[in-house]
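Have a look at the structure below before the remarks.
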Amino acid sequence: MNQQCNLSPTRQLTESEQDLVWKKPSSHKVSQEEQRVCQEIKRNWHRGEMKIANILLEGDAGTGKTQLAKALSANFGLPYTKVTCFADMDKSDIIGAILPVISTERMNQMDLSDKSALQALYENDSFESAHEILMNVLGLSEEMAARKMKQLLKLAMEQAEGDNVEYRFYPSEIVRAYQKGYLLEIQEPNVIRDAAVLMALNSALELDSSINLPTEIIRRHPDFIAVITANRSYAGARPLNEALRDRVQHTEKMDLPSKAVMMERAKAKTGYGEEQVLDAFAETIIVLDQTARANAIKGVAGMRSYFYWVDAYASGATATESLYHKVIYKITTDPDEISLLEHALHKHQLLDRLTEIESSVKKNEFLTT
Ligand SMILES: Nc1ncnc2c1ncn2[C@@H]1O[C@H](COP(=O)(O)OP(=O)(O)OP(=O)(O)O)[C@@H](O)[C@H]1O
Ligand SMILES: [Mg+2]
């Protein structure tokens with residue numbers, strides 16, 4: 001199946017937008033989920049109210065949610081951007097913020113880092129999000145950039161008091177993607193605490209909607225695709241808001257992939273190809289994943305652990321020792337829980353298989369020397 005498909009063939013991307021379109025690395029393997037989501041989006045793209053442009057990918061860590069969102073960017077030739085949600089997000093993180101432009105004299109009295117941050121914001125005349133500008137200039141994470149922006153806002157408001165100043169609007173990443181027609185990954189919106197913030201996000205996900213900004217009213221670009229990625233809720237975690245779920249027109253349940261897919265991805269990623277080893281390691285991960293779940297052990301045995309374990313083994317570590325450092329201790333360091341996991345591996349003869357792998361490699365080494 002040809003994955004490449006431009007949804008709006010006449011659309012011209014700018015150079016910087018083209019840079020945002022994800023390029024699939026050679027290690028990328030097209031999954032059934034990817035094929036299905038692409039087909040669904042294409043099938044309904046010109047069907048007005050039945051359009052499919054809000055997608056939910058829900059499942060465990062490392063199952064490939066982000067990579068699937070990026071693959072859609074590559075397949076549809078849309079710029080990829082993301083927003084990582086955090087608990088105390090407020091409305092300005094969803095919509096954007098208005099910042100007073102304060103005079104140079106007042107700026108000169110400020111702390112150097114605040115001054116340079118404000119200067120960077122004022123000098124940027126593209127429709128770039130404030131968070132992105134601060135992340136680039138100050139090297140901050142998204143959450144820290146959001147905090148910094150709020151602090152700068154307060155500071156600039158105080159400084160501007162009494163002056164007759166101009167105000168500028170800085171859109172959020174969400175608004176930017178919404179207006180420009182990008183593919184936006186919204187990571188973990190279930191952590192957001194404030195109901196009003198969730199409502200703002202919900203209304204931005206209406207298909208035929210518009211957002212009222214202080215400066216203008218903007219409409220949803222026909223190419224805007226929102227991909228919500230969330231870990232499945234476990235006991236104690238906040239579930240994804242129902243209204244938000246309801247805005248979604250297609251959902252994929254992302255689980256640990258099948259053994260064959262796990263092996264295929266690990267091969268592509270690490271360049272290591274010994275089937276017997278990849279198979280035993282994958283089985284081990286699967287058994288540990290099931291056991292951890294069944295016993296309410298919180299950590300995950302997932303694809304990332306699998307890749308790093310295979311890679312450590314391929315670089316000369318022993319199978320059993322690296323099992324602990326790359327997989328088991330990542331799940332838990334609690335001795336009782338470790339015993340439970342070991343017991344499960346023993347029951348499935350996996351510890352024996354790993355020891356066998358070790359000794360057969362030793363034998364081969366012995367025979368070749
Ligand atoms: N289709 C694929 N082909 C090859 N490798 C993949 C594929 N999908 C995911 N991977 C690899 O698996 C790892 C985890 O993927 P990804 O980051 O997309 O997971 P995730 O579900 O978004 O995890 P999290 O919940 O932690 O955000 C990455 O190293 C990624 O490159
Ligand atoms: Mg992710």
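In the structure tokens, chains take letters A, B, ... by order of appearance, with residues numbered from 1 within each chain and ligands from 1 in the order shown.
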Subject >> Neighbourhood of ligand 2 at 10 Å, counting only C-alpha atoms and all ligand atoms, reported as a ChimeraX atom specification >> reply: /A:57,60-69,84,185-188,228-231
Resulting file, chosen residues, N, CA and C atoms, as a PDB file, in the first residue's frame:
```pdb
ATOM      1  N   LEU A  57      -5.014   7.557  20.454  1.00  0.00           N
ATOM      2  CA  LEU A  57      -4.175   6.364  20.564  1.00  0.00           C
ATOM      3  C   LEU A  57      -3.971   6.132  22.048  1.00  0.00           C
ATOM      4  N   ASP A  60      -0.266   1.347  26.501  1.00  0.00           N
ATOM      5  CA  ASP A  60       0.895   1.369  27.392  1.00  0.00           C
ATOM      6  C   ASP A  60       2.066   2.175  26.842  1.00  0.00           C
ATOM      7  N   ALA A  61       2.962   2.520  27.736  1.00  0.00           N
ATOM      8  CA  ALA A  61       4.169   3.256  27.370  1.00  0.00           C
ATOM      9  C   ALA A  61       4.992   2.422  26.388  1.00  0.00           C
ATOM     10  N   GLY A  62       5.497   3.089  25.383  1.00  0.00           N
ATOM     11  CA  GLY A  62       6.423   2.440  24.459  1.00  0.00           C
ATOM     12  C   GLY A  62       5.780   1.613  23.369  1.00  0.00           C
ATOM     13  N   THR A  63       4.458   1.646  23.269  1.00  0.00           N
ATOM     14  CA  THR A  63       3.797   0.810  22.265  1.00  0.00           C
ATOM     15  C   THR A  63       3.806   1.461  20.878  1.00  0.00           C
ATOM     16  N   GLY A  64       4.299   2.691  20.782  1.00  0.00           N
ATOM     17  CA  GLY A  64       4.437   3.300  19.459  1.00  0.00           C
ATOM     18  C   GLY A  64       3.396   4.358  19.143  1.00  0.00           C
ATOM     19  N   LYS A  65       2.820   4.981  20.166  1.00  0.00           N
ATOM     20  CA  LYS A  65       1.785   5.989  19.933  1.00  0.00           C
ATOM     21  C   LYS A  65       2.379   7.235  19.247  1.00  0.00           C
ATOM     22  N   THR A  66       3.471   7.722  19.823  1.00  0.00           N
ATOM     23  CA  THR A  66       4.083   8.924  19.255  1.00  0.00           C
ATOM     24  C   THR A  66       4.588   8.647  17.839  1.00  0.00           C
ATOM     25  N   GLN A  67       5.207   7.493  17.666  1.00  0.00           N
ATOM     26  CA  GLN A  67       5.735   7.186  16.334  1.00  0.00           C
ATOM     27  C   GLN A  67       4.605   7.049  15.317  1.00  0.00           C
ATOM     28  N   LEU A  68       3.467   6.549  15.743  1.00  0.00           N
ATOM     29  CA  LEU A  68       2.321   6.453  14.831  1.00  0.00           C
ATOM     30  C   LEU A  68       1.824   7.857  14.463  1.00  0.00           C
ATOM     31  N   ALA A  69       1.777   8.754  15.438  1.00  0.00           N
ATOM     32  CA  ALA A  69       1.361  10.135  15.139  1.00  0.00           C
ATOM     33  C   ALA A  69       2.332  10.746  14.127  1.00  0.00           C
ATOM     34  N   THR A  84       2.788  18.718  25.192  1.00  0.00           N
ATOM     35  CA  THR A  84       2.807  17.767  26.302  1.00  0.00           C
ATOM     36  C   THR A  84       2.020  18.387  27.445  1.00  0.00           C
ATOM     37  N   GLU A 185       0.166  16.337  17.976  1.00  0.00           N
ATOM     38  CA  GLU A 185       0.033  15.273  18.978  1.00  0.00           C
ATOM     39  C   GLU A 185      -0.225  15.936  20.328  1.00  0.00           C
ATOM     40  N   ILE A 186      -1.323  15.575  20.964  1.00  0.00           N
ATOM     41  CA  ILE A 186      -1.638  16.108  22.295  1.00  0.00           C
ATOM     42  C   ILE A 186      -1.334  14.987  23.283  1.00  0.00           C
ATOM     43  N   GLN A 187      -0.206  15.126  23.977  1.00  0.00           N
ATOM     44  CA  GLN A 187       0.235  14.038  24.853  1.00  0.00           C
ATOM     45  C   GLN A 187      -0.386  14.145  26.240  1.00  0.00           C
ATOM     46  N   GLU A 188      -1.010  13.077  26.664  1.00  0.00           N
ATOM     47  CA  GLU A 188      -1.516  12.926  28.031  1.00  0.00           C
ATOM     48  C   GLU A 188      -2.445  14.041  28.523  1.00  0.00           C
ATOM     49  N   ILE A 228      -4.569  12.469  19.924  1.00  0.00           N
ATOM     50  CA  ILE A 228      -4.399  12.430  21.380  1.00  0.00           C
ATOM     51  C   ILE A 228      -3.687  11.132  21.722  1.00  0.00           C
ATOM     52  N   THR A 229      -2.593  11.214  22.467  1.00  0.00           N
ATOM     53  CA  THR A 229      -1.925   9.982  22.895  1.00  0.00           C
ATOM     54  C   THR A 229      -1.981   9.921  24.415  1.00  0.00           C
ATOM     55  N   ALA A 230      -2.421   8.794  24.934  1.00  0.00           N
ATOM     56  CA  ALA A 230      -2.580   8.693  26.387  1.00  0.00           C
ATOM     57  C   ALA A 230      -2.270   7.275  26.843  1.00  0.00           C
ATOM     58  N   ASN A 231      -1.667   7.199  28.010  1.00  0.00           N
ATOM     59  CA  ASN A 231      -1.476   5.876  28.603  1.00  0.00           C
ATOM     60  C   ASN A 231      -2.810   5.417  29.156  1.00  0.00           C
TER      61      ASN A 231
END
```
Subject >> A:Ile94 environment, 8 Å, only C-alpha atoms, sequence neighbours closer than 4 positions dropped, as a list of chain:residue names >> reply: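 These residues fall inside the cut-off: A:Met89, A:Asp90, A:Ser172, A:Glu173, A:Ile174, A:Val175, A:Val197, A:Ala200, A:Leu201.
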Residues from last step as file, N, CA and C atoms, as a JSON list (two decimals), in the first residue's frame:
```json
[["chain", "number", "residue", "atom", "x", "y", "z"],
["A", 89, "MET", "N", -1.98, 23.07, 33.89],
["A", 89, "MET", "CA", -2.15, 23.87, 32.65],
["A", 89, "MET", "C", -3.31, 24.84, 32.83],
["A", 90, "ASP", "N", -3.15, 26.04, 32.30],
["A", 90, "ASP", "CA", -4.30, 26.94, 32.35],
["A", 90, "ASP", "C", -4.71, 27.34, 30.94],
["A", 172, "SER", "N", -0.77, 29.64, 21.34],
["A", 172, "SER", "CA", -0.23, 28.38, 21.86],
["A", 172, "SER", "C", 0.10, 27.49, 20.67],
["A", 173, "GLU", "N", 0.82, 26.43, 20.94],
["A", 173, "GLU", "CA", 1.15, 25.47, 19.88],
["A", 173, "GLU", "C", -0.14, 24.87, 19.29],
["A", 174, "ILE", "N", -1.13, 24.71, 20.17],
["A", 174, "ILE", "CA", -2.40, 24.14, 19.72],
["A", 174, "ILE", "C", -3.06, 25.06, 18.69],
["A", 175, "VAL", "N", -3.10, 26.35, 19.03],
["A", 175, "VAL", "CA", -3.73, 27.32, 18.12],
["A", 175, "VAL", "C", -2.96, 27.41, 16.80],
["A", 197, "VAL", "N", -10.08, 24.32, 31.53],
["A", 197, "VAL", "CA", -9.02, 24.13, 30.54],
["A", 197, "VAL", "C", -9.40, 22.99, 29.59],
["A", 200, "ALA", "N", -11.86, 24.20, 27.10],
["A", 200, "ALA", "CA", -11.24, 24.97, 26.02],
["A", 200, "ALA", "C", -10.64, 24.03, 24.99],
["A", 201, "LEU", "N", -10.03, 22.96, 25.49],
["A", 201, "LEU", "CA", -9.43, 21.98, 24.58],
["A", 201, "LEU", "C", -10.51, 21.26, 23.78]]
```
Subject >> Who sits within 8 Å of stretch 354-358 of chain A, only C-alpha atoms, same chain under 2 positions skipped, as a ChimeraX atom specification >> reply: /A:277,280,318-320,350-352,360-362
Subject >> helix (DSSP H, G or I) call set, DSSP backbone run, stretch 23-143 of chain A, as number ranges by chain >> reply: A: 32-44, 48-50, 65-76, 91-94, 104-108, 112-123, 130-138, 142-143
**OP:** Find the spatial neighbours of stretch 26-39 of chain A, counting only C-alpha atoms, within a cut-off of 8 Å - ignore same-chain residues fewer than 5 positions away - and output them as a PyMOL selection string.
**Re:** chain A and resi 3+68+71-72+75+250+252+264-265+268-269
Dump C-alpha atoms for the selected residues as an mmCIF file, in the first residue's frame?
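Written out: part-v5.cif:
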```cif
data_model
loop_
_atom_site.group_PDB
_atom_site.id
_atom_site.type_symbol
_atom_site.label_atom_id
_atom_site.label_comp_id
_atom_site.auth_asym_id
_atom_site.auth_seq_id
_atom_site.Cartn_x
_atom_site.Cartn_y
_atom_site.Cartn_z
ATOM 1 C CA GLN A 3 1.347 5.354 2.315
ATOM 2 C CA LEU A 68 2.321 6.453 14.831
ATOM 3 C CA ALA A 71 4.046 8.405 10.733
ATOM 4 C CA LEU A 72 0.733 10.100 9.918
ATOM 5 C CA ASN A 75 2.125 9.798 5.187
ATOM 6 C CA HIS A 250 -11.249 6.934 15.581
ATOM 7 C CA GLU A 252 -6.619 2.621 18.440
ATOM 8 C CA GLU A 264 10.988 -6.985 13.622
ATOM 9 C CA ARG A 265 11.248 -3.578 15.357
ATOM 10 C CA ALA A 268 15.507 -2.745 12.634
ATOM 11 C CA LYS A 269 16.469 -0.646 15.628
#
```
**OP:** Would you mind listing what lies within 10 Å of A:Ala243 as a list in words, with only C-alpha atoms counted and same-chain residues fewer than 2 positions away left out?
**Re:**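 Near A:Ala243, the qualifying residues are Leu198, Met199, Asn202, Ser203, Leu240, Asn241, Arg245, Asp246, Arg247 and Val248 of chain A.
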Original post:
For A:Asn44, which of A:His221, A:Thr10, A:Gln249, A:Lys115 is the closest residue, counting only C-alpha atoms?
Top reply: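 That would be A:Gln249, the residue with the smallest distance to A:Asn44.
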Original post:
Of the candidates A:Ala74, A:Met262, A:Leu207, A:Ala87, which one gets nearest to ligand 1 if we count only C-alpha atoms and all ligand atoms?
Top reply: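 The answer is A:Met262, which sits nearest to ligand 1.
The closest residue to ligand 1, picked from A:Glu143, A:Asp255, A:Glu216, A:Asp208 and counting only C-alpha atoms and all ligand atoms, is A:Asp255.
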**OP:** Enumerate the residues of stretch 23-215 of chain A with a DSSP assignment of strand (DSSP E or B), computed from the backbone, and present them as a ChimeraX atom specification.
**Re:** /A:54-59,79-84,96-101,166-171,183-187,210-212
Export of prior selection with N, CA and C atoms as a short mmCIF file (atom, residue, chain, number, x, y, z; two decimals), in the first residue's frame:
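Okay, this is what ended up in part38.cif:
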```
data_model
loop_
_atom_site.label_atom_id
_atom_site.label_comp_id
_atom_site.auth_asym_id
_atom_site.auth_seq_id
_atom_site.Cartn_x
_atom_site.Cartn_y
_atom_site.Cartn_z
N ASN A 54 -9.85 13.73 14.40
CA ASN A 54 -9.41 13.65 15.79
C ASN A 54 -9.23 12.17 16.12
N ILE A 55 -7.99 11.81 16.45
CA ILE A 55 -7.66 10.40 16.66
C ILE A 55 -7.21 10.22 18.10
N LEU A 56 -7.58 9.10 18.69
CA LEU A 56 -7.06 8.77 20.03
C LEU A 56 -6.23 7.49 19.95
N LEU A 57 -5.01 7.56 20.45
CA LEU A 57 -4.17 6.36 20.56
C LEU A 57 -3.97 6.13 22.05
N GLU A 58 -4.55 5.07 22.56
CA GLU A 58 -4.48 4.85 24.00
C GLU A 58 -3.83 3.50 24.29
N GLY A 59 -2.88 3.51 25.19
CA GLY A 59 -2.25 2.24 25.54
C GLY A 59 -0.97 2.45 26.31
N PRO A 79 3.00 18.99 8.57
CA PRO A 79 3.98 19.30 9.62
C PRO A 79 3.52 18.68 10.94
N TYR A 80 4.47 18.10 11.68
CA TYR A 80 4.16 17.48 12.98
C TYR A 80 4.56 18.41 14.10
N THR A 81 3.64 18.65 15.03
CA THR A 81 4.01 19.36 16.26
C THR A 81 3.32 18.66 17.42
N LYS A 82 3.76 19.01 18.63
CA LYS A 82 3.14 18.33 19.77
C LYS A 82 2.99 19.28 20.95
N VAL A 83 2.08 18.90 21.83
CA VAL A 83 1.98 19.61 23.09
C VAL A 83 1.92 18.55 24.18
N THR A 84 2.79 18.72 25.19
CA THR A 84 2.81 17.77 26.30
C THR A 84 2.02 18.39 27.45
N GLY A 96 -3.24 30.71 24.26
CA GLY A 96 -2.12 31.61 24.02
C GLY A 96 -2.20 32.75 25.01
N ALA A 97 -1.26 33.68 24.92
CA ALA A 97 -1.21 34.75 25.91
C ALA A 97 -1.00 36.12 25.25
N ILE A 98 -1.54 37.15 25.91
CA ILE A 98 -1.30 38.52 25.42
C ILE A 98 -0.21 39.13 26.29
N LEU A 99 0.78 39.66 25.63
CA LEU A 99 1.94 40.19 26.35
C LEU A 99 2.09 41.67 26.03
N PRO A 100 2.19 42.53 27.07
CA PRO A 100 2.44 43.94 26.78
C PRO A 100 3.87 44.14 26.28
N VAL A 101 4.03 45.03 25.31
CA VAL A 101 5.39 45.31 24.80
C VAL A 101 5.94 46.47 25.62
N GLU A 166 1.63 48.81 23.78
CA GLU A 166 0.99 47.98 22.77
C GLU A 166 0.96 46.54 23.31
N TYR A 167 -0.02 45.78 22.90
CA TYR A 167 -0.08 44.38 23.34
C TYR A 167 0.10 43.45 22.16
N ARG A 168 0.80 42.35 22.39
CA ARG A 168 0.94 41.36 21.31
C ARG A 168 0.42 40.02 21.75
N PHE A 169 -0.16 39.31 20.79
CA PHE A 169 -0.70 38.00 21.12
C PHE A 169 0.25 36.89 20.69
N TYR A 170 0.50 35.97 21.60
CA TYR A 170 1.34 34.82 21.29
C TYR A 170 0.48 33.56 21.36
N PRO A 171 0.29 32.91 20.22
CA PRO A 171 -0.60 31.75 20.20
C PRO A 171 0.04 30.56 20.89
N LEU A 183 -0.36 18.52 11.89
CA LEU A 183 -0.76 17.36 12.68
C LEU A 183 -0.23 17.57 14.09
N LEU A 184 -1.13 17.65 15.05
CA LEU A 184 -0.75 17.97 16.43
C LEU A 184 -0.92 16.76 17.32
N GLU A 185 0.17 16.34 17.98
CA GLU A 185 0.03 15.27 18.98
C GLU A 185 -0.22 15.94 20.33
N ILE A 186 -1.32 15.57 20.96
CA ILE A 186 -1.64 16.11 22.29
C ILE A 186 -1.33 14.99 23.28
N GLN A 187 -0.21 15.13 23.98
CA GLN A 187 0.24 14.04 24.85
C GLN A 187 -0.39 14.15 26.24
N SER A 210 -14.31 27.46 15.48
CA SER A 210 -13.40 28.60 15.43
C SER A 210 -13.00 28.94 16.86
N ILE A 211 -11.86 29.60 17.00
CA ILE A 211 -11.39 30.00 18.33
C ILE A 211 -11.37 31.52 18.38
N ASN A 212 -11.95 32.07 19.43
CA ASN A 212 -11.94 33.52 19.61
C ASN A 212 -10.67 33.94 20.33
#
```
Subject >> Separation of atom CA of A:His325 from atom CA of A:Met303, in Å and rounded to one decimal >> reply: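 Between atom CA of A:His325 and atom CA of A:Met303 the gap works out to 14.9 Å.
A straight line drawn from atom CA of A:His348 to atom CA of A:Thr284 is 8.8 Å long.
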Original post:
Mind pulling up the distance from atom CA of A:Thr251 to atom CA of A:Phe224?
Top reply: 17.1 Å
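Checking A:Gln151, A:Ser209, A:Ser305, A:Thr14 one by one against ligand 1, counting only C-alpha atoms and all ligand atoms, you find the shortest gap at A:Ser305.
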Original post:
Within 12 Å of A:Leu288, counting only C-alpha atoms, which residues qualify if same-chain residues fewer than 5 places away don't, as number ranges by chain?
Top reply: A: 256, 281-283, 293-303, 305-306, 323-324, 327-332, 337-348, 350-351
Could you write out the selected residues, including C-alpha atoms, as a PDB file, in the first residue's frame?
```pdb
ATOM      1  CA  LEU A 256       2.511  -4.484  23.473  1.00  0.00           C
ATOM      2  CA  PHE A 281      13.923 -12.024  24.918  1.00  0.00           C
ATOM      3  CA  ALA A 282      10.526 -11.064  23.469  1.00  0.00           C
ATOM      4  CA  GLU A 283       8.821 -13.943  25.313  1.00  0.00           C
ATOM      5  CA  ARG A 293      -0.110  -6.476  35.452  1.00  0.00           C
ATOM      6  CA  ALA A 294      -1.612  -9.498  37.182  1.00  0.00           C
ATOM      7  CA  ASN A 295       0.141  -8.580  40.430  1.00  0.00           C
ATOM      8  CA  ALA A 296      -0.514  -4.852  40.291  1.00  0.00           C
ATOM      9  CA  ILE A 297       3.197  -4.117  40.005  1.00  0.00           C
ATOM     10  CA  LYS A 298       3.353  -0.583  38.688  1.00  0.00           C
ATOM     11  CA  GLY A 299       6.382  -0.571  36.364  1.00  0.00           C
ATOM     12  CA  VAL A 300       6.344  -1.529  32.697  1.00  0.00           C
ATOM     13  CA  ALA A 301       8.183  -4.165  30.735  1.00  0.00           C
ATOM     14  CA  GLY A 302       7.796  -2.728  27.279  1.00  0.00           C
ATOM     15  CA  MET A 303       9.346  -2.152  23.907  1.00  0.00           C
ATOM     16  CA  SER A 305      13.293  -2.204  27.718  1.00  0.00           C
ATOM     17  CA  TYR A 306      13.322  -4.844  25.000  1.00  0.00           C
ATOM     18  CA  LEU A 323      17.931  -8.744  32.006  1.00  0.00           C
ATOM     19  CA  TYR A 324      18.100  -7.229  35.499  1.00  0.00           C
ATOM     20  CA  VAL A 327      14.298  -4.842  32.252  1.00  0.00           C
ATOM     21  CA  ILE A 328      13.539  -6.104  35.759  1.00  0.00           C
ATOM     22  CA  TYR A 329      14.924  -3.255  37.887  1.00  0.00           C
ATOM     23  CA  LYS A 330      13.186  -0.830  35.533  1.00  0.00           C
ATOM     24  CA  ILE A 331       9.903  -2.487  36.517  1.00  0.00           C
ATOM     25  CA  THR A 332      10.671  -2.651  40.229  1.00  0.00           C
ATOM     26  CA  GLU A 337       7.995  -8.089  43.497  1.00  0.00           C
ATOM     27  CA  ILE A 338      11.269  -9.204  41.901  1.00  0.00           C
ATOM     28  CA  SER A 339      10.703 -12.716  43.339  1.00  0.00           C
ATOM     29  CA  LEU A 340       7.254 -12.782  41.782  1.00  0.00           C
ATOM     30  CA  LEU A 341       8.679 -11.857  38.394  1.00  0.00           C
ATOM     31  CA  GLU A 342      11.496 -14.407  38.698  1.00  0.00           C
ATOM     32  CA  HIS A 343       9.025 -17.071  39.677  1.00  0.00           C
ATOM     33  CA  ALA A 344       6.939 -16.381  36.545  1.00  0.00           C
ATOM     34  CA  LEU A 345      10.023 -16.563  34.320  1.00  0.00           C
ATOM     35  CA  HIS A 346      11.022 -19.821  35.936  1.00  0.00           C
ATOM     36  CA  LYS A 347       7.535 -21.271  35.439  1.00  0.00           C
ATOM     37  CA  HIS A 348       7.766 -20.517  31.718  1.00  0.00           C
ATOM     38  CA  LEU A 350      12.569 -18.690  30.376  1.00  0.00           C
ATOM     39  CA  LEU A 351      15.460 -18.483  32.825  1.00  0.00           C
TER      40      LEU A 351
END
```
Just want the 10 Å neighbourhood of A:Arg106, counted on only C-alpha atoms, with same-chain residues fewer than 5 positions away dropped. Output as a PDB file with N, CA and C atoms, in the first residue's frame.
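What landed in selection25.pdb:
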```
ATOM      1  N   LYS A 115      15.158  39.650  30.512  1.00  0.00           N
ATOM      2  CA  LYS A 115      15.265  40.614  29.422  1.00  0.00           C
ATOM      3  C   LYS A 115      15.463  39.872  28.093  1.00  0.00           C
ATOM      4  N   ALA A 156       5.911  41.675  32.957  1.00  0.00           N
ATOM      5  CA  ALA A 156       5.671  42.681  31.916  1.00  0.00           C
ATOM      6  C   ALA A 156       4.437  43.511  32.253  1.00  0.00           C
ATOM      7  N   GLN A 159       5.509  45.987  34.881  1.00  0.00           N
ATOM      8  CA  GLN A 159       6.362  47.027  34.291  1.00  0.00           C
ATOM      9  C   GLN A 159       5.562  47.989  33.420  1.00  0.00           C
ATOM     10  N   ALA A 160       4.530  47.435  32.772  1.00  0.00           N
ATOM     11  CA  ALA A 160       3.776  48.246  31.806  1.00  0.00           C
ATOM     12  C   ALA A 160       2.778  49.167  32.491  1.00  0.00           C
TER      13      ALA A 160
END
```
